[in-house]
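First comes the structure, then the notes that go with it.
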Amino acid sequence: MKQNGTPHSEAPRPVDVLVAGAGQAGLSAAYHLRRSGLEPGEDFLVLDHAPRPGGAWQFRWPTLTYGRVHGMHALPGMELTGADDSRPSAEVIGAYFREYEETFGLRVRRPVHVGAVREGDGGRLLVETSKGDWAARALISATGTWDRPFWPRYPGQEEFRGRQLHTAGYPGPEAFAGRRVLVVGGGTSAVQHLLEIAPVAAATAWATRRPPEFREGPFDEDQGRQAVARVDERVRQGLPPRSVVSVTGLPMNEAIRRGVADGTLARRPMFERLTAEGAVWADGSAFEADVVLWATGFRAAVDHLAPLRLREPGGGIQVDGTRVVRDPRIHLVGYGPSASTIGANRAGRAAVREIGALLAGEAVAV
């Protein structure tokens with residue numbers, strides 16, 4: 001038997017297009033595949049390893065209410081209307097994704113884990129999963145980043161006697177009541193965590209590699225295009241993608257202004273090392289901590305593509321639009337410049353257009 005439980009004697013099931021992941025990017029791609037005339041569950045399959053609809057949103061902490069979500073863009077073909085801003089975003093967006101899947105009959109199969117993608121027979125891709133293997137003519141990989149939280153390494157990390165956790169496991173502020181909490185990271189999640197934790201914690205400290213950049217005023221379409229272009233340039237060069245947020249700065253609002261004014265968002269540079277009791281900086285100053293919360297972001301979850309050796313010397317997968325340069329059968333949606341909700345929608349449409357040409361045997365421009 002193979003590790004995923006499929007007997008060697010069982011031939012992979014053929015399918016034209018396989019979509020791995022049913023978050024914003026995967027559902028957008030599935031919508032456009034159906035609109036192109038392909039039949040869900042027959043001509044294309046959507047596999048999702050999450051237990052229920054909602055993509056990564058279903059794992060967000062309860063205090064991240066829908067009203068606090070920045071830039072959630074509707075999926076193509078169906079608006080999200082009448083949502084209660086006070087409800088957890090996991091509930092609101094989970095229900096929206098479930099209704100979307102049912103409305104368009106996308107027939108998402110879950111939970112199904114895509115373990116590896118290899119070169120198959122007859123020019124097809126062999127997609128090995130926890131529920132059997134498929135032989136696909138094309139693959140849309142929409143696996144996002146949530147499953148790959150980034151934990152940086154610092155001296156003394158193993159010596160620290162307190163608790164260490166990542167944003168991916170953040171339970172909400174109540175767990176930090178009366179504790180001394182060190183938050184590490186310069187992004188939106190770090191700021192949100194600090195603003196929530198500070199009122200209940202005994203003390204907080206904030207450490208980042210670079211000084212945070214707070215952005216005043218509205219963020220218009222031209223600025224958005226410039227930010228996406230900067231991220232796109234990296235993936236075109238085969239470098240690991242940076243998030244769109246990392247090049248736009250943190251949007252200033254009243255809560256952040258209060259946090260800056262009262263010292264909650266008083267940033268310190270990165271510490272030199274962790275000790276059993278907390279963190280020590282190069283100047284000898286220290287912070288005694290019960291908890292270190294690593295709000296250090298995520299990396300693209302593309303390990304299932306490793307057998308195809310798609311990475312470039314720069315460490316990333318070179319992508320032209322959504323198409324992998326080394327293998328035009330594979331499209332990465334929700335990767336790099338399309339890792340925002342509106343970007344995922346556009347990328348899903350673009351990927352399906354190119355895959356349509358590939359299935360029709362037309363030349364894909366390189």
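Ligands are numbered from 1 in the order shown, residues from 1 within each chain, and chains are lettered A, B, ... in the order they appear in the structure tokens.
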
Open item on the list: List as a ChimeraX atom specification the protein and nucleic acid residues near region 161-170 of chain A, meaning an atom at most 12 Å away when only C-alpha atoms are counted, but skip any in the same chain fewer than 6 places from it.
Closed with: /A:56-64,145-152,176,179-185,187-194,196-197,274-279,288-298

Residues of the last selection are to be written out with C-alpha atoms, as a CSV table (one decimal), in the first residue's frame.
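Saved the output as result.csv:
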```csv
chain,number,residue,atom,x,y,z
A,56,ALA,CA,-8.2,30.0,5.9
A,57,TRP,CA,-10.8,32.2,7.3
A,58,GLN,CA,-12.4,29.4,9.2
A,59,PHE,CA,-9.3,29.2,11.4
A,60,ARG,CA,-9.2,32.9,12.4
A,61,TRP,CA,-9.6,33.8,16.1
A,62,PRO,CA,-13.1,34.7,17.3
A,63,THR,CA,-12.3,38.3,18.1
A,64,LEU,CA,-11.5,39.0,14.5
A,145,THR,CA,-0.2,30.2,3.0
A,146,TRP,CA,-2.1,29.4,6.2
A,147,ASP,CA,-0.6,25.9,6.5
A,148,ARG,CA,3.0,27.2,6.5
A,149,PRO,CA,3.4,29.6,9.4
A,150,PHE,CA,6.9,31.0,9.5
A,151,TRP,CA,8.8,30.6,12.7
A,152,PRO,CA,12.1,32.5,12.7
A,176,PHE,CA,-3.1,36.3,27.8
A,179,ARG,CA,0.6,37.6,31.4
A,180,ARG,CA,3.7,39.4,30.2
A,181,VAL,CA,3.6,39.1,26.4
A,182,LEU,CA,6.3,39.8,23.8
A,183,VAL,CA,4.8,40.1,20.3
A,184,VAL,CA,7.2,39.7,17.4
A,185,GLY,CA,6.5,40.9,13.8
A,187,GLY,CA,2.5,43.3,10.1
A,188,THR,CA,-1.2,43.8,10.6
A,189,SER,CA,-1.6,40.7,12.7
A,190,ALA,CA,1.0,41.9,15.2
A,191,VAL,CA,-0.7,45.3,15.6
A,192,GLN,CA,-4.1,43.7,16.0
A,193,HIS,CA,-2.8,41.2,18.6
A,194,LEU,CA,-1.1,44.0,20.6
A,196,GLU,CA,-6.3,43.3,21.8
A,197,ILE,CA,-3.9,41.9,24.4
A,274,LEU,CA,15.9,34.7,24.2
A,275,THR,CA,16.7,33.5,27.7
A,276,ALA,CA,14.7,31.3,30.1
A,277,GLU,CA,13.0,34.4,31.4
A,278,GLY,CA,12.4,36.4,28.3
A,279,ALA,CA,14.3,38.5,25.7
A,288,GLU,CA,10.7,39.3,31.2
A,289,ALA,CA,8.0,37.4,29.3
A,290,ASP,CA,5.5,34.6,30.0
A,291,VAL,CA,4.6,34.3,26.3
A,292,VAL,CA,6.3,35.0,23.0
A,293,LEU,CA,3.7,35.5,20.2
A,294,TRP,CA,5.3,35.1,16.8
A,295,ALA,CA,3.3,37.2,14.4
A,296,THR,CA,5.9,36.6,11.7
A,297,GLY,CA,3.7,35.7,8.8
A,298,PHE,CA,3.4,32.7,6.5
```

Using only C-alpha atoms, I'd like a table of the residues in region 102-125 of chain A that come within 10 Å of region 40-51 of chain A; for each, show the closest atom pair and its distance in Å rounded to one decimal, ordered by chain and ascending number, as a Markdown table.
```
| residue | atom | partner | partner_atom | distance |
| --- | --- | --- | --- | --- |
| A:Phe104 | CA | A:Pro40 | CA | 9.2 |
| A:Gly105 | CA | A:Pro40 | CA | 7.2 |
| A:Leu106 | CA | A:Pro40 | CA | 5.5 |
| A:Arg107 | CA | A:Gly41 | CA | 6.1 |
| A:Val108 | CA | A:Val46 | CA | 5.0 |
| A:Arg109 | CA | A:Leu47 | CA | 5.0 |
| A:Arg110 | CA | A:Asp48 | CA | 5.1 |
| A:Pro111 | CA | A:His49 | CA | 4.3 |
| A:Val112 | CA | A:His49 | CA | 4.5 |
| A:His113 | CA | A:His49 | CA | 4.7 |
| A:Val114 | CA | A:His49 | CA | 7.6 |
```

Output all heavy atoms of each residue in that selection to a file, as an mmCIF file, in the first residue's frame.
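Result file follows (part39.cif):
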```
data_model
loop_
_atom_site.group_PDB
_atom_site.id
_atom_site.type_symbol
_atom_site.label_atom_id
_atom_site.label_comp_id
_atom_site.auth_asym_id
_atom_site.auth_seq_id
_atom_site.Cartn_x
_atom_site.Cartn_y
_atom_site.Cartn_z
ATOM 1 N N PHE A 104 -23.271 27.510 -6.995
ATOM 2 C CA PHE A 104 -22.681 27.212 -8.299
ATOM 3 C C PHE A 104 -22.366 25.730 -8.484
ATOM 4 O O PHE A 104 -21.756 25.342 -9.491
ATOM 5 C CB PHE A 104 -21.421 28.063 -8.520
ATOM 6 C CG PHE A 104 -21.732 29.537 -8.599
ATOM 7 C CD1 PHE A 104 -21.439 30.379 -7.544
ATOM 8 C CD2 PHE A 104 -22.359 30.060 -9.724
ATOM 9 C CE1 PHE A 104 -21.745 31.739 -7.611
ATOM 10 C CE2 PHE A 104 -22.667 31.414 -9.798
ATOM 11 C CZ PHE A 104 -22.366 32.250 -8.734
ATOM 12 N N GLY A 105 -22.799 24.906 -7.528
ATOM 13 C CA GLY A 105 -22.634 23.460 -7.670
ATOM 14 C C GLY A 105 -21.199 23.022 -7.896
ATOM 15 O O GLY A 105 -20.937 22.177 -8.757
ATOM 16 N N LEU A 106 -20.272 23.562 -7.109
ATOM 17 C CA LEU A 106 -18.855 23.315 -7.364
ATOM 18 C C LEU A 106 -18.380 21.954 -6.874
ATOM 19 O O LEU A 106 -17.279 21.527 -7.211
ATOM 20 C CB LEU A 106 -18.015 24.435 -6.739
ATOM 21 C CG LEU A 106 -18.319 25.833 -7.297
ATOM 22 C CD1 LEU A 106 -17.458 26.883 -6.625
ATOM 23 C CD2 LEU A 106 -18.124 25.879 -8.813
ATOM 24 N N ARG A 107 -19.166 21.298 -6.048
ATOM 25 C CA ARG A 107 -18.906 19.905 -5.641
ATOM 26 C C ARG A 107 -17.506 19.724 -5.063
ATOM 27 O O ARG A 107 -16.757 18.818 -5.443
ATOM 28 C CB ARG A 107 -19.136 18.953 -6.816
ATOM 29 C CG ARG A 107 -20.568 19.004 -7.363
ATOM 30 C CD ARG A 107 -20.741 18.130 -8.584
ATOM 31 N NE ARG A 107 -20.518 16.722 -8.292
ATOM 32 C CZ ARG A 107 -20.567 15.754 -9.206
ATOM 33 N NH1 ARG A 107 -20.858 16.061 -10.473
ATOM 34 N NH2 ARG A 107 -20.350 14.504 -8.877
ATOM 35 N N VAL A 108 -17.157 20.590 -4.129
ATOM 36 C CA VAL A 108 -15.836 20.517 -3.492
ATOM 37 C C VAL A 108 -15.742 19.231 -2.673
ATOM 38 O O VAL A 108 -16.662 18.878 -1.928
ATOM 39 C CB VAL A 108 -15.600 21.741 -2.583
ATOM 40 C CG1 VAL A 108 -14.250 21.632 -1.875
ATOM 41 C CG2 VAL A 108 -15.680 23.029 -3.395
ATOM 42 N N ARG A 109 -14.640 18.526 -2.829
ATOM 43 C CA ARG A 109 -14.409 17.305 -2.053
ATOM 44 C C ARG A 109 -13.487 17.637 -0.882
ATOM 45 O O ARG A 109 -12.395 18.166 -1.071
ATOM 46 C CB ARG A 109 -13.771 16.223 -2.939
ATOM 47 C CG ARG A 109 -14.603 15.860 -4.143
ATOM 48 C CD ARG A 109 -14.070 14.629 -4.828
ATOM 49 N NE ARG A 109 -14.778 14.353 -6.067
ATOM 50 C CZ ARG A 109 -14.663 13.231 -6.757
ATOM 51 N NH1 ARG A 109 -13.851 12.262 -6.332
ATOM 52 N NH2 ARG A 109 -15.335 13.052 -7.884
ATOM 53 N N ARG A 110 -13.940 17.295 0.322
ATOM 54 C CA ARG A 110 -13.141 17.554 1.517
ATOM 55 C C ARG A 110 -13.505 16.553 2.618
ATOM 56 O O ARG A 110 -14.615 16.023 2.613
ATOM 57 C CB ARG A 110 -13.347 18.992 2.015
ATOM 58 C CG ARG A 110 -14.780 19.359 2.394
ATOM 59 C CD ARG A 110 -14.876 20.692 3.126
ATOM 60 N NE ARG A 110 -14.387 21.823 2.406
ATOM 61 C CZ ARG A 110 -15.100 22.578 1.552
ATOM 62 N NH1 ARG A 110 -16.370 22.244 1.319
ATOM 63 N NH2 ARG A 110 -14.593 23.609 0.955
ATOM 64 N N PRO A 111 -12.626 16.311 3.558
ATOM 65 C CA PRO A 111 -11.244 16.767 3.541
ATOM 66 C C PRO A 111 -10.377 15.847 2.685
ATOM 67 O O PRO A 111 -10.388 14.621 2.864
ATOM 68 C CB PRO A 111 -10.839 16.685 5.011
ATOM 69 C CG PRO A 111 -11.682 15.565 5.566
ATOM 70 C CD PRO A 111 -12.968 15.599 4.805
ATOM 71 N N VAL A 112 -9.647 16.426 1.759
ATOM 72 C CA VAL A 112 -8.727 15.686 0.893
ATOM 73 C C VAL A 112 -7.394 16.424 0.893
ATOM 74 O O VAL A 112 -7.339 17.609 0.544
ATOM 75 C CB VAL A 112 -9.251 15.563 -0.553
ATOM 76 C CG1 VAL A 112 -8.271 14.746 -1.394
ATOM 77 C CG2 VAL A 112 -10.629 14.934 -0.588
ATOM 78 N N HIS A 113 -6.346 15.739 1.281
ATOM 79 C CA HIS A 113 -5.016 16.355 1.334
ATOM 80 C C HIS A 113 -4.223 15.991 0.089
ATOM 81 O O HIS A 113 -4.081 14.804 -0.245
ATOM 82 C CB HIS A 113 -4.256 15.877 2.572
ATOM 83 C CG HIS A 113 -2.843 16.349 2.622
ATOM 84 N ND1 HIS A 113 -2.509 17.677 2.778
ATOM 85 C CD2 HIS A 113 -1.664 15.670 2.501
ATOM 86 C CE1 HIS A 113 -1.187 17.797 2.769
ATOM 87 N NE2 HIS A 113 -0.664 16.601 2.606
ATOM 88 N N VAL A 114 -3.735 16.997 -0.636
ATOM 89 C CA VAL A 114 -2.856 16.777 -1.786
ATOM 90 C C VAL A 114 -1.435 16.638 -1.268
ATOM 91 O O VAL A 114 -0.846 17.600 -0.770
ATOM 92 C CB VAL A 114 -2.965 17.927 -2.804
ATOM 93 C CG1 VAL A 114 -1.959 17.725 -3.943
ATOM 94 C CG2 VAL A 114 -4.382 18.013 -3.369
#
```

Open item on the list: Just list as a PyMOL selection string whatever in region 159-304 of chain A DSSP marks as strand (DSSP E).
Closed with: chain A and resi 163-166+180-184+203-208+214-215+250-251+267-269+273-274+278-280+286-288+291-294

Now that the selection is made, can you save its residues with N, CA and C atoms as a CSV table (one decimal), in the first residue's frame?
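Saved the output as out07.csv:
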```csv
chain,number,residue,atom,x,y,z
A,163,ARG,N,5.6,30.2,27.2
A,163,ARG,CA,4.9,29.6,26.0
A,163,ARG,C,5.2,30.4,24.8
A,164,GLN,N,5.4,29.7,23.7
A,164,GLN,CA,5.6,30.3,22.4
A,164,GLN,C,4.5,29.8,21.4
A,165,LEU,N,3.9,30.7,20.7
A,165,LEU,CA,2.9,30.4,19.8
A,165,LEU,C,2.9,31.3,18.6
A,166,HIS,N,2.3,30.9,17.5
A,166,HIS,CA,2.3,31.7,16.3
A,166,HIS,C,0.9,32.2,16.0
A,180,ARG,N,2.8,38.5,30.8
A,180,ARG,CA,3.7,39.4,30.2
A,180,ARG,C,4.0,38.9,28.8
A,181,VAL,N,3.6,39.6,27.8
A,181,VAL,CA,3.6,39.1,26.4
A,181,VAL,C,4.5,39.9,25.5
A,182,LEU,N,5.4,39.2,24.8
A,182,LEU,CA,6.3,39.8,23.8
A,182,LEU,C,5.7,39.4,22.4
A,183,VAL,N,5.3,40.4,21.6
A,183,VAL,CA,4.8,40.1,20.3
A,183,VAL,C,5.9,40.5,19.3
A,184,VAL,N,6.2,39.5,18.3
A,184,VAL,CA,7.2,39.7,17.4
A,184,VAL,C,6.6,39.7,16.0
A,203,ALA,N,1.8,43.1,31.0
A,203,ALA,CA,2.7,44.0,30.2
A,203,ALA,C,2.8,43.4,28.8
A,204,THR,N,3.1,44.3,27.9
A,204,THR,CA,3.4,43.9,26.5
A,204,THR,C,4.7,44.6,26.0
A,205,ALA,N,5.3,43.9,25.0
A,205,ALA,CA,6.4,44.5,24.3
A,205,ALA,C,6.3,44.1,22.9
A,206,TRP,N,6.9,45.0,22.0
A,206,TRP,CA,6.7,44.7,20.5
A,206,TRP,C,8.1,44.8,19.9
A,207,ALA,N,8.5,43.8,19.2
A,207,ALA,CA,9.8,43.7,18.5
A,207,ALA,C,9.6,43.5,17.0
A,208,THR,N,10.3,44.3,16.2
A,208,THR,CA,10.2,44.1,14.7
A,208,THR,C,11.6,44.2,14.1
A,214,PHE,N,3.5,53.2,8.9
A,214,PHE,CA,2.1,53.4,8.9
A,214,PHE,C,1.7,54.4,7.8
A,215,ARG,N,0.6,54.0,7.1
A,215,ARG,CA,0.2,54.7,5.9
A,215,ARG,C,-1.1,55.5,6.2
A,250,LEU,N,1.2,49.8,6.8
A,250,LEU,CA,0.0,49.5,7.7
A,250,LEU,C,-0.9,50.7,7.7
A,251,PRO,N,-2.2,50.5,7.4
A,251,PRO,CA,-3.2,51.6,7.3
A,251,PRO,C,-3.4,52.2,8.7
A,267,ARG,N,7.5,50.4,19.4
A,267,ARG,CA,8.2,49.3,18.8
A,267,ARG,C,9.7,49.3,19.2
A,268,ARG,N,10.2,48.1,19.5
A,268,ARG,CA,11.7,48.0,19.8
A,268,ARG,C,12.3,47.1,18.6
A,269,PRO,N,13.6,47.3,18.4
A,269,PRO,CA,14.2,46.5,17.4
A,269,PRO,C,14.3,45.0,17.8
A,273,ARG,N,18.7,37.8,21.7
A,273,ARG,CA,18.5,36.4,22.1
A,273,ARG,C,17.3,36.2,23.1
A,274,LEU,N,16.8,35.0,23.2
A,274,LEU,CA,15.9,34.7,24.2
A,274,LEU,C,16.6,34.0,25.3
A,278,GLY,N,13.0,35.5,29.2
A,278,GLY,CA,12.4,36.4,28.3
A,278,GLY,C,13.4,36.8,27.2
A,279,ALA,N,13.5,38.1,26.8
A,279,ALA,CA,14.3,38.5,25.7
A,279,ALA,C,15.3,39.5,26.2
A,280,VAL,N,16.5,39.5,25.6
A,280,VAL,CA,17.6,40.4,25.9
A,280,VAL,C,18.0,41.1,24.6
A,286,ALA,N,16.3,44.2,28.8
A,286,ALA,CA,15.6,42.9,28.8
A,286,ALA,C,14.1,43.1,29.1
A,287,PHE,N,13.4,42.1,28.7
A,287,PHE,CA,11.9,42.1,28.9
A,287,PHE,C,11.6,40.7,29.4
A,288,GLU,N,11.1,40.6,30.7
A,288,GLU,CA,10.7,39.3,31.2
A,288,GLU,C,9.3,39.0,30.6
A,291,VAL,N,5.0,34.8,27.7
A,291,VAL,CA,4.6,34.3,26.3
A,291,VAL,C,5.4,35.1,25.3
A,292,VAL,N,5.8,34.4,24.2
A,292,VAL,CA,6.3,35.0,23.0
A,292,VAL,C,5.3,34.7,21.9
A,293,LEU,N,4.7,35.7,21.3
A,293,LEU,CA,3.7,35.5,20.2
A,293,LEU,C,4.4,35.9,18.9
A,294,TRP,N,4.6,34.9,18.1
A,294,TRP,CA,5.3,35.1,16.8
A,294,TRP,C,4.3,35.5,15.7
```

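Shortest atom-to-atom contact with Gly132 (chain A) among A:Leu239, A:Ala175, A:Ala201, A:Ala11: A:Ala11, counting only C-alpha atoms.
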
TODO: Taking the chain letters and numbering used in this document, name the residues of region 126-359 of chain A that DSSP puts in helix (DSSP H, G or I), as a ChimeraX atom specification.
DONE: /A:167-169,173-176,188-197,221-236,244-248,254-261,303-308,336-338,341-359

Task: Residue neighbourhood Thr322 (chain A), 8 Å, only C-alpha atoms, exclusion window fewer than 3 positions, as a ChimeraX atom specification - done: /A:319,331-333,335,347,350-351

Open item on the list: Using only C-alpha atoms, can you tell me which of A:Gly156, A:Gly186, A:Gly115, A:Arg87 comes closest to Leu265 (chain A)?
Closed with: A:Gly186

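Among the candidates A:Gln318, A:Thr264, A:Ser285, A:Ser141, the residue lying nearest to Gly23 (chain A) is A:Ser141 (atoms considered: only C-alpha atoms).
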
- [ ] Using only C-alpha atoms, determine which residues lie at most 12 Å from Arg236 (chain A), disregarding the query and same-chain residues fewer than 5 positions distant; provide the list as a PyMOL selection string.
- [x] chain A and resi 229-231+241+312+314+316-326+335-337

Include N, CA and C atoms and write out the residues we just selected as a PDB file, in the first residue's frame.
```pdb
ATOM      1  N   ALA A 229       2.484  45.329  -8.552  1.00  0.00           N
ATOM      2  CA  ALA A 229       3.564  45.238  -9.543  1.00  0.00           C
ATOM      3  C   ALA A 229       4.895  44.915  -8.870  1.00  0.00           C
ATOM      4  N   ARG A 230       5.126  45.466  -7.683  1.00  0.00           N
ATOM      5  CA  ARG A 230       6.374  45.189  -6.978  1.00  0.00           C
ATOM      6  C   ARG A 230       6.451  43.728  -6.536  1.00  0.00           C
ATOM      7  N   VAL A 231       5.334  43.191  -6.085  1.00  0.00           N
ATOM      8  CA  VAL A 231       5.308  41.781  -5.706  1.00  0.00           C
ATOM      9  C   VAL A 231       5.439  40.901  -6.946  1.00  0.00           C
ATOM     10  N   PRO A 241       7.901  35.052  -2.987  1.00  0.00           N
ATOM     11  CA  PRO A 241       7.002  36.216  -2.984  1.00  0.00           C
ATOM     12  C   PRO A 241       6.958  36.897  -1.628  1.00  0.00           C
ATOM     13  N   GLU A 312      13.413  28.040  -8.553  1.00  0.00           N
ATOM     14  CA  GLU A 312      14.544  28.663  -9.232  1.00  0.00           C
ATOM     15  C   GLU A 312      15.695  28.846  -8.242  1.00  0.00           C
ATOM     16  N   GLY A 314      16.862  31.421  -7.086  1.00  0.00           N
ATOM     17  CA  GLY A 314      16.539  32.465  -6.117  1.00  0.00           C
ATOM     18  C   GLY A 314      15.663  31.990  -4.974  1.00  0.00           C
ATOM     19  N   GLY A 316      12.383  30.862  -5.202  1.00  0.00           N
ATOM     20  CA  GLY A 316      10.952  30.880  -5.473  1.00  0.00           C
ATOM     21  C   GLY A 316      10.609  30.106  -6.730  1.00  0.00           C
ATOM     22  N   ILE A 317       9.333  30.080  -7.049  1.00  0.00           N
ATOM     23  CA  ILE A 317       8.861  29.476  -8.291  1.00  0.00           C
ATOM     24  C   ILE A 317       8.580  30.607  -9.261  1.00  0.00           C
ATOM     25  N   GLN A 318       9.225  30.580 -10.417  1.00  0.00           N
ATOM     26  CA  GLN A 318       9.053  31.663 -11.385  1.00  0.00           C
ATOM     27  C   GLN A 318       7.687  31.534 -12.042  1.00  0.00           C
ATOM     28  N   VAL A 319       6.937  32.632 -11.962  1.00  0.00           N
ATOM     29  CA  VAL A 319       5.570  32.644 -12.466  1.00  0.00           C
ATOM     30  C   VAL A 319       5.392  33.810 -13.420  1.00  0.00           C
ATOM     31  N   ASP A 320       4.745  33.539 -14.539  1.00  0.00           N
ATOM     32  CA  ASP A 320       4.373  34.594 -15.484  1.00  0.00           C
ATOM     33  C   ASP A 320       2.852  34.729 -15.410  1.00  0.00           C
ATOM     34  N   GLY A 321       2.389  35.784 -14.756  1.00  0.00           N
ATOM     35  CA  GLY A 321       0.959  35.866 -14.456  1.00  0.00           C
ATOM     36  C   GLY A 321       0.642  34.862 -13.367  1.00  0.00           C
ATOM     37  N   THR A 322      -0.046  33.786 -13.724  1.00  0.00           N
ATOM     38  CA  THR A 322      -0.258  32.675 -12.786  1.00  0.00           C
ATOM     39  C   THR A 322       0.456  31.406 -13.243  1.00  0.00           C
ATOM     40  N   ARG A 323       0.941  31.404 -14.474  1.00  0.00           N
ATOM     41  CA  ARG A 323       1.519  30.191 -15.064  1.00  0.00           C
ATOM     42  C   ARG A 323       2.958  29.981 -14.611  1.00  0.00           C
ATOM     43  N   VAL A 324       3.242  28.752 -14.172  1.00  0.00           N
ATOM     44  CA  VAL A 324       4.603  28.393 -13.783  1.00  0.00           C
ATOM     45  C   VAL A 324       5.448  28.300 -15.042  1.00  0.00           C
ATOM     46  N   VAL A 325       6.538  29.038 -15.069  1.00  0.00           N
ATOM     47  CA  VAL A 325       7.366  29.111 -16.272  1.00  0.00           C
ATOM     48  C   VAL A 325       7.960  27.752 -16.615  1.00  0.00           C
ATOM     49  N   ARG A 326       8.356  27.000 -15.612  1.00  0.00           N
ATOM     50  CA  ARG A 326       8.979  25.689 -15.869  1.00  0.00           C
ATOM     51  C   ARG A 326       7.970  24.619 -16.295  1.00  0.00           C
ATOM     52  N   TYR A 335      -0.961  33.254  -5.142  1.00  0.00           N
ATOM     53  CA  TYR A 335       0.479  33.206  -4.877  1.00  0.00           C
ATOM     54  C   TYR A 335       1.080  34.551  -5.278  1.00  0.00           C
ATOM     55  N   GLY A 336       1.876  35.134  -4.412  1.00  0.00           N
ATOM     56  CA  GLY A 336       2.528  36.398  -4.765  1.00  0.00           C
ATOM     57  C   GLY A 336       1.525  37.509  -4.994  1.00  0.00           C
ATOM     58  N   PRO A 337       1.515  38.102  -6.190  1.00  0.00           N
ATOM     59  CA  PRO A 337       0.643  39.263  -6.435  1.00  0.00           C
ATOM     60  C   PRO A 337      -0.841  38.942  -6.386  1.00  0.00           C
TER      61      PRO A 337
END
```

TODO: Provide the CA of Pro240 (chain A) to CA of Thr143 (chain A) distance in Å, to one decimal place.
DONE: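 Pair CA of Pro240 (chain A) / CA of Thr143 (chain A) returns 15.5 Å.
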
- [ ] Calculate how many Å separate CA of Gly54 (chain A) from CA of Leu75 (chain A), rounding to one decimal.
- [x]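 That distance, rounded to one decimal, is 12.0 Å.
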
TODO: Check the smallest atom-to-atom distance from each of A:Arg68, A:Arg34, A:Lys131, A:Arg52 to Gly94 (chain A) using only C-alpha atoms, then report the winner.
DONE: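 Looking at the shortest contact to Gly94 (chain A), the residue is A:Arg52.
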
- [ ] May I ask for the distance between CA of Gly249 (chain A) and CA of Arg346 (chain A), given in Å to one decimal place?
- [x] 22.6 Å

TODO: Find the residues near Glu119 (chain A): any atom within 7 Å, counting only C-alpha atoms, skip ones fewer than 6 places away on the same chain, and give them as a PyMOL selection string.
DONE: chain A and resi 125-126+308

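Excluding Leu27 (chain A) itself and same-chain residues fewer than 4 positions from it, the residues having an atom within 9 Å of it are A:Val19, A:Gly21, A:Ala22, A:Gly23, A:Tyr31, A:His32, A:Val46, A:Leu75, A:Pro76, A:Phe97, A:Tyr100, A:Glu101, A:Leu106, A:Ala142, A:Asn345, A:Gly348, counting only C-alpha atoms.
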
Task: Top pick for closest residue to Pro88 (chain A), considering A:Ala136, A:Val69, A:Val302, A:Ala74 and counting only C-alpha atoms - done: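 Of A:Ala136, A:Val69, A:Val302, A:Ala74, the one nearest Pro88 (chain A), counting only C-alpha atoms, is A:Val69.
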